[in-house]
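Have a look at query_13.pdb; it's PDB, N, CA and C atoms:
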```pdb
ATOM      1  N   MET A   1      22.391 -28.915  -8.391  1.00  0.00           N
ATOM      2  CA  MET A   1      21.846 -30.036  -9.112  1.00  0.00           C
ATOM      3  C   MET A   1      21.602 -29.670 -10.572  1.00  0.00           C
ATOM      4  N   ASP A   2      21.334 -28.399 -10.827  1.00  0.00           N
ATOM      5  CA  ASP A   2      21.053 -27.966 -12.198  1.00  0.00           C
ATOM      6  C   ASP A   2      22.207 -28.278 -13.141  1.00  0.00           C
ATOM      7  N   GLU A   3      23.437 -28.153 -12.642  1.00  0.00           N
ATOM      8  CA  GLU A   3      24.598 -28.432 -13.483  1.00  0.00           C
ATOM      9  C   GLU A   3      24.641 -29.908 -13.876  1.00  0.00           C
ATOM     10  N   ILE A   4      24.332 -30.791 -12.936  1.00  0.00           N
ATOM     11  CA  ILE A   4      24.320 -32.226 -13.230  1.00  0.00           C
ATOM     12  C   ILE A   4      23.204 -32.548 -14.219  1.00  0.00           C
ATOM     13  N   VAL A   5      22.037 -31.956 -14.019  1.00  0.00           N
ATOM     14  CA  VAL A   5      20.903 -32.175 -14.927  1.00  0.00           C
ATOM     15  C   VAL A   5      21.283 -31.732 -16.336  1.00  0.00           C
ATOM     16  N   LYS A   6      21.899 -30.565 -16.445  1.00  0.00           N
ATOM     17  CA  LYS A   6      22.305 -30.063 -17.764  1.00  0.00           C
ATOM     18  C   LYS A   6      23.332 -30.983 -18.403  1.00  0.00           C
ATOM     19  N   MET A   7      24.283 -31.473 -17.620  1.00  0.00           N
ATOM     20  CA  MET A   7      25.302 -32.369 -18.151  1.00  0.00           C
ATOM     21  C   MET A   7      24.669 -33.666 -18.666  1.00  0.00           C
ATOM     22  N   VAL A   8      23.753 -34.228 -17.894  1.00  0.00           N
ATOM     23  CA  VAL A   8      23.074 -35.458 -18.321  1.00  0.00           C
ATOM     24  C   VAL A   8      22.276 -35.197 -19.597  1.00  0.00           C
ATOM     25  N   ALA A   9      21.552 -34.091 -19.637  1.00  0.00           N
ATOM     26  CA  ALA A   9      20.764 -33.753 -20.822  1.00  0.00           C
ATOM     27  C   ALA A   9      21.651 -33.576 -22.052  1.00  0.00           C
ATOM     28  N   ASP A  10      22.755 -32.869 -21.887  1.00  0.00           N
ATOM     29  CA  ASP A  10      23.678 -32.637 -23.008  1.00  0.00           C
ATOM     30  C   ASP A  10      24.301 -33.928 -23.510  1.00  0.00           C
ATOM     31  N   ARG A  11      24.705 -34.775 -22.589  1.00  0.00           N
ATOM     32  CA  ARG A  11      25.428 -35.993 -22.972  1.00  0.00           C
ATOM     33  C   ARG A  11      24.527 -37.099 -23.492  1.00  0.00           C
ATOM     34  N   THR A  12      23.264 -37.080 -23.101  1.00  0.00           N
ATOM     35  CA  THR A  12      22.369 -38.163 -23.505  1.00  0.00           C
ATOM     36  C   THR A  12      21.363 -37.742 -24.567  1.00  0.00           C
ATOM     37  N   GLY A  13      21.171 -36.446 -24.736  1.00  0.00           N
ATOM     38  CA  GLY A  13      20.166 -35.973 -25.672  1.00  0.00           C
ATOM     39  C   GLY A  13      18.761 -35.963 -25.071  1.00  0.00           C
ATOM     40  N   MET A  14      18.666 -36.250 -23.771  1.00  0.00           N
ATOM     41  CA  MET A  14      17.369 -36.213 -23.086  1.00  0.00           C
ATOM     42  C   MET A  14      16.913 -34.766 -22.935  1.00  0.00           C
ATOM     43  N   SER A  15      15.610 -34.610 -22.763  1.00  0.00           N
ATOM     44  CA  SER A  15      15.117 -33.284 -22.396  1.00  0.00           C
ATOM     45  C   SER A  15      15.597 -32.991 -20.972  1.00  0.00           C
ATOM     46  N   GLU A  16      15.621 -31.725 -20.594  1.00  0.00           N
ATOM     47  CA  GLU A  16      16.049 -31.397 -19.235  1.00  0.00           C
ATOM     48  C   GLU A  16      15.092 -31.980 -18.204  1.00  0.00           C
ATOM     49  N   SER A  17      13.830 -32.064 -18.545  1.00  0.00           N
ATOM     50  CA  SER A  17      12.847 -32.647 -17.626  1.00  0.00           C
ATOM     51  C   SER A  17      13.138 -34.136 -17.391  1.00  0.00           C
ATOM     52  N   ALA A  18      13.415 -34.865 -18.457  1.00  0.00           N
ATOM     53  CA  ALA A  18      13.737 -36.292 -18.325  1.00  0.00           C
ATOM     54  C   ALA A  18      15.067 -36.485 -17.596  1.00  0.00           C
ATOM     55  N   ALA A  19      16.040 -35.617 -17.894  1.00  0.00           N
ATOM     56  CA  ALA A  19      17.336 -35.700 -17.220  1.00  0.00           C
ATOM     57  C   ALA A  19      17.189 -35.431 -15.728  1.00  0.00           C
ATOM     58  N   ARG A  20      16.356 -34.457 -15.361  1.00  0.00           N
ATOM     59  CA  ARG A  20      16.126 -34.152 -13.944  1.00  0.00           C
ATOM     60  C   ARG A  20      15.504 -35.361 -13.245  1.00  0.00           C
ATOM     61  N   THR A  21      14.548 -36.007 -13.897  1.00  0.00           N
ATOM     62  CA  THR A  21      13.927 -37.202 -13.324  1.00  0.00           C
ATOM     63  C   THR A  21      14.971 -38.296 -13.122  1.00  0.00           C
ATOM     64  N   ALA A  22      15.845 -38.487 -14.099  1.00  0.00           N
ATOM     65  CA  ALA A  22      16.898 -39.502 -13.989  1.00  0.00           C
ATOM     66  C   ALA A  22      17.853 -39.182 -12.847  1.00  0.00           C
ATOM     67  N   VAL A  23      18.279 -37.937 -12.757  1.00  0.00           N
ATOM     68  CA  VAL A  23      19.218 -37.533 -11.707  1.00  0.00           C
ATOM     69  C   VAL A  23      18.584 -37.708 -10.326  1.00  0.00           C
ATOM     70  N   VAL A  24      17.347 -37.269 -10.167  1.00  0.00           N
ATOM     71  CA  VAL A  24      16.664 -37.393  -8.877  1.00  0.00           C
ATOM     72  C   VAL A  24      16.501 -38.867  -8.512  1.00  0.00           C
ATOM     73  N   THR A  25      16.199 -39.713  -9.492  1.00  0.00           N
ATOM     74  CA  THR A  25      16.046 -41.144  -9.245  1.00  0.00           C
ATOM     75  C   THR A  25      17.365 -41.766  -8.793  1.00  0.00           C
ATOM     76  N   VAL A  26      18.448 -41.463  -9.492  1.00  0.00           N
ATOM     77  CA  VAL A  26      19.759 -42.020  -9.133  1.00  0.00           C
ATOM     78  C   VAL A  26      20.203 -41.509  -7.765  1.00  0.00           C
ATOM     79  N   LEU A  27      20.022 -40.224  -7.504  1.00  0.00           N
ATOM     80  CA  LEU A  27      20.408 -39.682  -6.202  1.00  0.00           C
ATOM     81  C   LEU A  27      19.594 -40.314  -5.074  1.00  0.00           C
ATOM     82  N   GLY A  28      18.306 -40.534  -5.313  1.00  0.00           N
ATOM     83  CA  GLY A  28      17.479 -41.206  -4.317  1.00  0.00           C
ATOM     84  C   GLY A  28      17.962 -42.618  -4.050  1.00  0.00           C
ATOM     85  N   PHE A  29      18.333 -43.333  -5.110  1.00  0.00           N
ATOM     86  CA  PHE A  29      18.862 -44.685  -4.968  1.00  0.00           C
ATOM     87  C   PHE A  29      20.157 -44.672  -4.158  1.00  0.00           C
ATOM     88  N   LEU A  30      21.068 -43.780  -4.525  1.00  0.00           N
ATOM     89  CA  LEU A  30      22.342 -43.698  -3.808  1.00  0.00           C
ATOM     90  C   LEU A  30      22.136 -43.348  -2.341  1.00  0.00           C
ATOM     91  N   LYS A  31      21.247 -42.408  -2.098  1.00  0.00           N
ATOM     92  CA  LYS A  31      20.985 -41.983  -0.723  1.00  0.00           C
ATOM     93  C   LYS A  31      20.459 -43.149   0.118  1.00  0.00           C
ATOM     94  N   ASP A  32      19.609 -43.984  -0.483  1.00  0.00           N
ATOM     95  CA  ASP A  32      19.083 -45.151   0.225  1.00  0.00           C
ATOM     96  C   ASP A  32      20.142 -46.202   0.485  1.00  0.00           C
ATOM     97  N   LYS A  33      21.117 -46.317  -0.419  1.00  0.00           N
ATOM     98  CA  LYS A  33      22.128 -47.373  -0.321  1.00  0.00           C
ATOM     99  C   LYS A  33      23.358 -46.979   0.492  1.00  0.00           C
ATOM    100  N   LEU A  34      23.617 -45.686   0.615  1.00  0.00           N
ATOM    101  CA  LEU A  34      24.790 -45.231   1.357  1.00  0.00           C
ATOM    102  C   LEU A  34      24.555 -45.377   2.858  1.00  0.00           C
ATOM    103  N   PRO A  35      25.626 -45.540   3.615  1.00  0.00           N
ATOM    104  CA  PRO A  35      25.481 -45.614   5.077  1.00  0.00           C
ATOM    105  C   PRO A  35      24.807 -44.361   5.632  1.00  0.00           C
ATOM    106  N   ALA A  36      24.162 -44.534   6.768  1.00  0.00           N
ATOM    107  CA  ALA A  36      23.436 -43.435   7.422  1.00  0.00           C
ATOM    108  C   ALA A  36      24.328 -42.203   7.548  1.00  0.00           C
ATOM    109  N   GLY A  37      23.781 -41.069   7.237  1.00  0.00           N
ATOM    110  CA  GLY A  37      24.511 -39.809   7.358  1.00  0.00           C
ATOM    111  C   GLY A  37      25.221 -39.401   6.076  1.00  0.00           C
ATOM    112  N   ILE A  38      25.756 -40.356   5.354  1.00  0.00           N
ATOM    113  CA  ILE A  38      26.490 -40.013   4.131  1.00  0.00           C
ATOM    114  C   ILE A  38      25.525 -39.540   3.055  1.00  0.00           C
ATOM    115  N   GLY A  39      24.336 -40.119   3.018  1.00  0.00           N
ATOM    116  CA  GLY A  39      23.336 -39.683   2.054  1.00  0.00           C
ATOM    117  C   GLY A  39      22.992 -38.222   2.227  1.00  0.00           C
ATOM    118  N   ASP A  40      22.934 -37.771   3.479  1.00  0.00           N
ATOM    119  CA  ASP A  40      22.660 -36.358   3.736  1.00  0.00           C
ATOM    120  C   ASP A  40      23.797 -35.484   3.232  1.00  0.00           C
ATOM    121  N   HIS A  41      25.028 -35.957   3.383  1.00  0.00           N
ATOM    122  CA  HIS A  41      26.174 -35.205   2.863  1.00  0.00           C
ATOM    123  C   HIS A  41      26.116 -35.137   1.343  1.00  0.00           C
ATOM    124  N   LEU A  42      25.716 -36.242   0.721  1.00  0.00           N
ATOM    125  CA  LEU A  42      25.590 -36.252  -0.736  1.00  0.00           C
ATOM    126  C   LEU A  42      24.566 -35.209  -1.170  1.00  0.00           C
ATOM    127  N   GLU A  43      23.445 -35.180  -0.492  1.00  0.00           N
ATOM    128  CA  GLU A  43      22.393 -34.217  -0.831  1.00  0.00           C
ATOM    129  C   GLU A  43      22.876 -32.781  -0.642  1.00  0.00           C
ATOM    130  N   SER A  44      23.588 -32.520   0.446  1.00  0.00           N
ATOM    131  CA  SER A  44      24.070 -31.150   0.670  1.00  0.00           C
ATOM    132  C   SER A  44      25.128 -30.768  -0.363  1.00  0.00           C
ATOM    133  N   PHE A  45      25.924 -31.740  -0.811  1.00  0.00           N
ATOM    134  CA  PHE A  45      26.903 -31.462  -1.861  1.00  0.00           C
ATOM    135  C   PHE A  45      26.200 -31.116  -3.168  1.00  0.00           C
ATOM    136  N   ILE A  46      25.211 -31.916  -3.515  1.00  0.00           N
ATOM    137  CA  ILE A  46      24.494 -31.701  -4.765  1.00  0.00           C
ATOM    138  C   ILE A  46      23.802 -30.342  -4.747  1.00  0.00           C
ATOM    139  N   ASP A  47      23.307 -29.930  -3.589  1.00  0.00           N
ATOM    140  CA  ASP A  47      22.629 -28.642  -3.474  1.00  0.00           C
ATOM    141  C   ASP A  47      23.603 -27.477  -3.389  1.00  0.00           C
ATOM    142  N   SER A  48      24.909 -27.754  -3.151  1.00  0.00           N
ATOM    143  CA  SER A  48      25.892 -26.661  -3.096  1.00  0.00           C
ATOM    144  C   SER A  48      26.326 -26.315  -4.514  1.00  0.00           C
ATOM    145  N   ASP A  49      27.286 -25.403  -4.631  1.00  0.00           N
ATOM    146  CA  ASP A  49      27.754 -25.007  -5.965  1.00  0.00           C
ATOM    147  C   ASP A  49      28.750 -26.006  -6.541  1.00  0.00           C
ATOM    148  N   GLY A  50      29.129 -27.030  -5.764  1.00  0.00           N
ATOM    149  CA  GLY A  50      30.030 -28.055  -6.265  1.00  0.00           C
ATOM    150  C   GLY A  50      31.485 -27.660  -6.272  1.00  0.00           C
ATOM    151  N   SER A  51      31.806 -26.507  -5.741  1.00  0.00           N
ATOM    152  CA  SER A  51      33.181 -26.043  -5.779  1.00  0.00           C
ATOM    153  C   SER A  51      34.067 -26.751  -4.777  1.00  0.00           C
ATOM    154  N   GLY A  52      33.445 -27.367  -3.789  1.00  0.00           N
ATOM    155  CA  GLY A  52      34.224 -28.047  -2.765  1.00  0.00           C
ATOM    156  C   GLY A  52      34.567 -27.162  -1.589  1.00  0.00           C
ATOM    157  N   LYS A  53      34.388 -25.848  -1.716  1.00  0.00           N
ATOM    158  CA  LYS A  53      34.758 -24.942  -0.629  1.00  0.00           C
ATOM    159  C   LYS A  53      33.930 -25.188   0.622  1.00  0.00           C
ATOM    160  N   ASP A  54      32.624 -25.278   0.447  1.00  0.00           N
ATOM    161  CA  ASP A  54      31.740 -25.462   1.586  1.00  0.00           C
ATOM    162  C   ASP A  54      31.161 -26.870   1.640  1.00  0.00           C
ATOM    163  N   SER A  55      31.599 -27.720   0.752  1.00  0.00           N
ATOM    164  CA  SER A  55      31.030 -29.054   0.667  1.00  0.00           C
ATOM    165  C   SER A  55      31.689 -29.995   1.655  1.00  0.00           C
ATOM    166  N   PRO A  56      30.893 -30.817   2.343  1.00  0.00           N
ATOM    167  CA  PRO A  56      31.480 -31.794   3.255  1.00  0.00           C
ATOM    168  C   PRO A  56      32.230 -32.889   2.517  1.00  0.00           C
ATOM    169  N   LEU A  57      32.040 -32.987   1.209  1.00  0.00           N
ATOM    170  CA  LEU A  57      32.710 -34.027   0.431  1.00  0.00           C
ATOM    171  C   LEU A  57      33.925 -33.502  -0.325  1.00  0.00           C
ATOM    172  N   GLY A  58      34.318 -32.261  -0.091  1.00  0.00           N
ATOM    173  CA  GLY A  58      35.487 -31.723  -0.753  1.00  0.00           C
ATOM    174  C   GLY A  58      35.254 -31.498  -2.235  1.00  0.00           C
ATOM    175  N   ASP A  59      36.275 -31.747  -3.054  1.00  0.00           N
ATOM    176  CA  ASP A  59      36.190 -31.482  -4.489  1.00  0.00           C
ATOM    177  C   ASP A  59      35.725 -32.707  -5.264  1.00  0.00           C
ATOM    178  N   ILE A  60      34.813 -33.464  -4.712  1.00  0.00           N
ATOM    179  CA  ILE A  60      34.326 -34.645  -5.405  1.00  0.00           C
ATOM    180  C   ILE A  60      33.594 -34.267  -6.693  1.00  0.00           C
ATOM    181  N   GLY A  61      33.027 -33.061  -6.733  1.00  0.00           N
ATOM    182  CA  GLY A  61      32.356 -32.610  -7.950  1.00  0.00           C
ATOM    183  C   GLY A  61      33.315 -32.584  -9.133  1.00  0.00           C
ATOM    184  N   GLY A  62      34.523 -32.112  -8.919  1.00  0.00           N
ATOM    185  CA  GLY A  62      35.519 -32.103  -9.983  1.00  0.00           C
ATOM    186  C   GLY A  62      35.901 -33.499 -10.410  1.00  0.00           C
ATOM    187  N   MET A  63      35.990 -34.396  -9.444  1.00  0.00           N
ATOM    188  CA  MET A  63      36.327 -35.785  -9.760  1.00  0.00           C
ATOM    189  C   MET A  63      35.201 -36.442 -10.543  1.00  0.00           C
ATOM    190  N   ILE A  64      33.962 -36.217 -10.129  1.00  0.00           N
ATOM    191  CA  ILE A  64      32.817 -36.802 -10.838  1.00  0.00           C
ATOM    192  C   ILE A  64      32.727 -36.210 -12.236  1.00  0.00           C
ATOM    193  N   GLY A  65      32.935 -34.897 -12.342  1.00  0.00           N
ATOM    194  CA  GLY A  65      32.920 -34.271 -13.659  1.00  0.00           C
ATOM    195  C   GLY A  65      33.966 -34.881 -14.580  1.00  0.00           C
ATOM    196  N   GLY A  66      35.140 -35.218 -14.022  1.00  0.00           N
ATOM    197  CA  GLY A  66      36.191 -35.858 -14.808  1.00  0.00           C
ATOM    198  C   GLY A  66      35.774 -37.205 -15.347  1.00  0.00           C
ATOM    199  N   LEU A  67      34.963 -37.921 -14.598  1.00  0.00           N
ATOM    200  CA  LEU A  67      34.468 -39.224 -15.064  1.00  0.00           C
ATOM    201  C   LEU A  67      33.580 -39.072 -16.286  1.00  0.00           C
ATOM    202  N   PHE A  68      32.913 -37.923 -16.398  1.00  0.00           N
ATOM    203  CA  PHE A  68      32.016 -37.683 -17.526  1.00  0.00           C
ATOM    204  C   PHE A  68      32.671 -36.848 -18.596  1.00  0.00           C
ATOM    205  N   GLY A  69      33.980 -36.670 -18.505  1.00  0.00           N
ATOM    206  CA  GLY A  69      34.708 -35.948 -19.535  1.00  0.00           C
ATOM    207  C   GLY A  69      34.750 -34.449 -19.348  1.00  0.00           C
ATOM    208  N   LYS A  70      34.209 -33.957 -18.233  1.00  0.00           N
ATOM    209  CA  LYS A  70      34.224 -32.516 -17.987  1.00  0.00           C
ATOM    210  C   LYS A  70      35.563 -32.132 -17.400  1.00  0.00           C
ATOM    211  N   LYS A  71      36.139 -31.051 -17.895  1.00  0.00           N
ATOM    212  CA  LYS A  71      37.438 -30.620 -17.381  1.00  0.00           C
ATOM    213  C   LYS A  71      37.346 -29.248 -16.800  1.00  0.00           C
TER
END
```

As structure tokens, the full file:
Amino acid sequence: MDEIVKMVADRTGMSESAARTAVVTVLGFLKDKLPAGIGDHLESFIDSDGSGKDSPLGDIGGMIGGLFGKK
């Protein structure tokens, strides 16, 4: 999650504390809106290193990073 927080902070100019609050809020919203079980996978992905090796969601981290201009 730290990588996402840093990316949000860098791209928005927010402090890391404010970015962490934003990320936690959005993840909580998504977890509530996703079908049962998928929210848990999202949480485990966010808590992993994002490489996709051990993630139940595969390389979605790379795809999401691409949406934010990360290569």

Test item: residues at most 12 Å from Thr21 of chain A, only C-alpha atoms, excluding those fewer than 4 positions along its chain, as a PyMOL selection string: chain A and resi 1-2+4-6+8-9+14-17+25-28

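Rounded to one decimal, atom CA of Ala22 of chain A and atom N of Gly37 of chain A lie 22.4 Å from each other.
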
With 5 Å added on each side, what axis-aligned box encloses every listed atom of segment 23-29 of chain A? Give the centre and edge lengths in Å to one decimal, as JSON.
```
{"center_x": 18.2, "center_y": -41.0, "center_z": -8.4, "size_x": 14.4, "size_y": 17.4, "size_z": 18.7}
```
